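Okay, structure first, notes after.
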Amino acid sequence: MQNKNYKKDNELLVSINCMTYNHEAYIRNAIEGFLMQKTDFKFEVLIHDDASTDQTATIVQKYENKYPEIIKPIYQKENQYSKNISISKHYQYPRAKGKYIAICEGDDYWIDPLKLQKQVDFLEKNPDFSMSCHNAIILWENKQKRPQLFSPDALPSILGIEDILKGWYIPSASIIFRTEIIQQLPNWQNKVYNGDYFYHLWCAHHGKIKYFDELMSVYRKNIIDGDSMSANTGKDIDFIYKNILFLLDNFNNETNKIYNDLIECAKVQEYNKYKVKKLKQRYGLLHYFFKPVVYIKQFKKMIKKGA
C-alpha cells in the first residue's frame, strides 16, 4: 500500500535504487521501509536482485505482484557484480524516472516515514545542493555489539568535498541526490570498486550536501553472505587500496586538479589506513590486541621500509 497523501496525477519525483543479493532475512524490512513513506509525490522502487541463491527473489516477487506500480525489479540469472559490472550504472540509473535518486541496499532499511519528504522538500527549495543525507543507526548482526550511531559526533549541516576527502563516510541508505548529476559519468568510473565513495565525491563536486542530524535509517554491519550484494566478496587489501588511489587520481584529473591538495592529503590518509590493515593481516588480530608494544614497533619498521 503506497501512502494516501498524493494523487494519481502527481509527479514521480524519486527513484529508489535497491540492490540486493542473498538478503532473504532483510529484504522485507527494506521494502516495508519504502512503502511506509508518507509523501505528496510518487516514487518508484527499482530493485536489482543479483542472482540470489536464497529466497530473496521470491520475496521481492510477492511485493511486485502486490504493488506493480511501485516495485519494479530486475531478476538476474547470473551474478553481475562478480563480473565487475556496475549495477547502478548499467541497470538501475538508466531506468530511473525520478528527478531524484534515493539509495537503500536490501540489507538496510528506513525507519522514518517522512524521510523522503524531508529530503526532497529541502532539495526542491535549494537548487545549489546536489545531495542530502542523514545519520543512521548501526545494527550489528547477531547482536555482536550494541546498536550505535553511525556518526556519534555532531556534524555541520552543510558538507563539502573537503569533508568527504577527510574520510567522513555517509550511510548509503541516507542518500538522495539529483538524477541529472549522474546522467553523464566518466568511463573510468566503471573500474571503481567503492561506488559509494565515487558518488559522494561526484555529488560534492556538483553542489553542496545537506546533512540532517536525524536518525532515519538502519545500517546493518558484519553481514557475510549478502555483503554489498556481491557473490564476489573478499577483495584483498592491496586491490582495494590501489583501487582507491585509482579513484582519487582519476577524480583529480577529471576535475582539473582543483582539489589537488585535498586529494593528496586523502591519499596519505589512505596509505596510513592501508599500512595498519596490512599489519593486522600479517601479524593477526590477537597479536594486535595482546601485544601492543610489538605491534607499534613493527608498524614503525614497516613505515620506514615502505613495505
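Residue numbering restarts at 1 for every chain of the C-alpha cells, chains are lettered A, B, ... in their displayed order, and ligands are numbered from 1 as they appear.
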
_DSSP-assigned strand (DSSP E) members of region 44-269 of chain A, reported as JSON, numbers by chain_ = {"A": [44, 45, 46, 47, 48, 49, 71, 72, 73, 74, 75, 100, 101, 102, 103, 109, 110, 129, 130, 131, 132, 133, 134, 135, 136, 137, 138, 139, 140, 148, 149, 158, 159, 176, 177, 178, 208, 209, 210, 211, 212, 213, 214, 215, 216, 217, 218, 219, 220, 221]}

* **Spatial neighbours of region 171-182 of chain A, max dist 9 Å, only C-alpha atoms, sep filter under 6 positions, as an MDAnalysis selection string** => chainID A and resid 14:16 89 93 96:105 108:110 115:116 119:120 123 129:136 150 196 199 202:203 206 216:219

Of A:Gly106, A:Pro73, A:Gly160, A:Pro68, the one sitting nearest Asn22 (chain A) when using only C-alpha atoms is A:Gly106

Using only C-alpha atoms, the best pick from A:Ile59, A:Leu13, A:Leu215, A:Cys18 as closest to Ile138 (chain A) would be A:Leu215

So that I can check the surroundings of region 44-55 of chain A, please list as a ChimeraX atom specification every protein, DNA and RNA residue that reaches within 8 Å of it, counting only C-alpha atoms and ignoring chain neighbours fewer than 2 positions away.
/A:12,14-24,34,42,57-59,69-81,87,91-92,96,98,229-230

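Restricting the calculation to only C-alpha atoms, the smallest distance between His90 (chain A) and any of A:Gln189, A:Glu270, A:Tyr211, A:Leu201 is found for A:Gln189.
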
- request: DSSP on the backbone, then: every residue of region 56-206 of chain A marked helix (DSSP H, G or I), written as a PyMOL selection string.
  value: chain A and resi 56-66+81-83+87-95+115-125+141-143+161-165+172-174+179-182+187-191+195-206
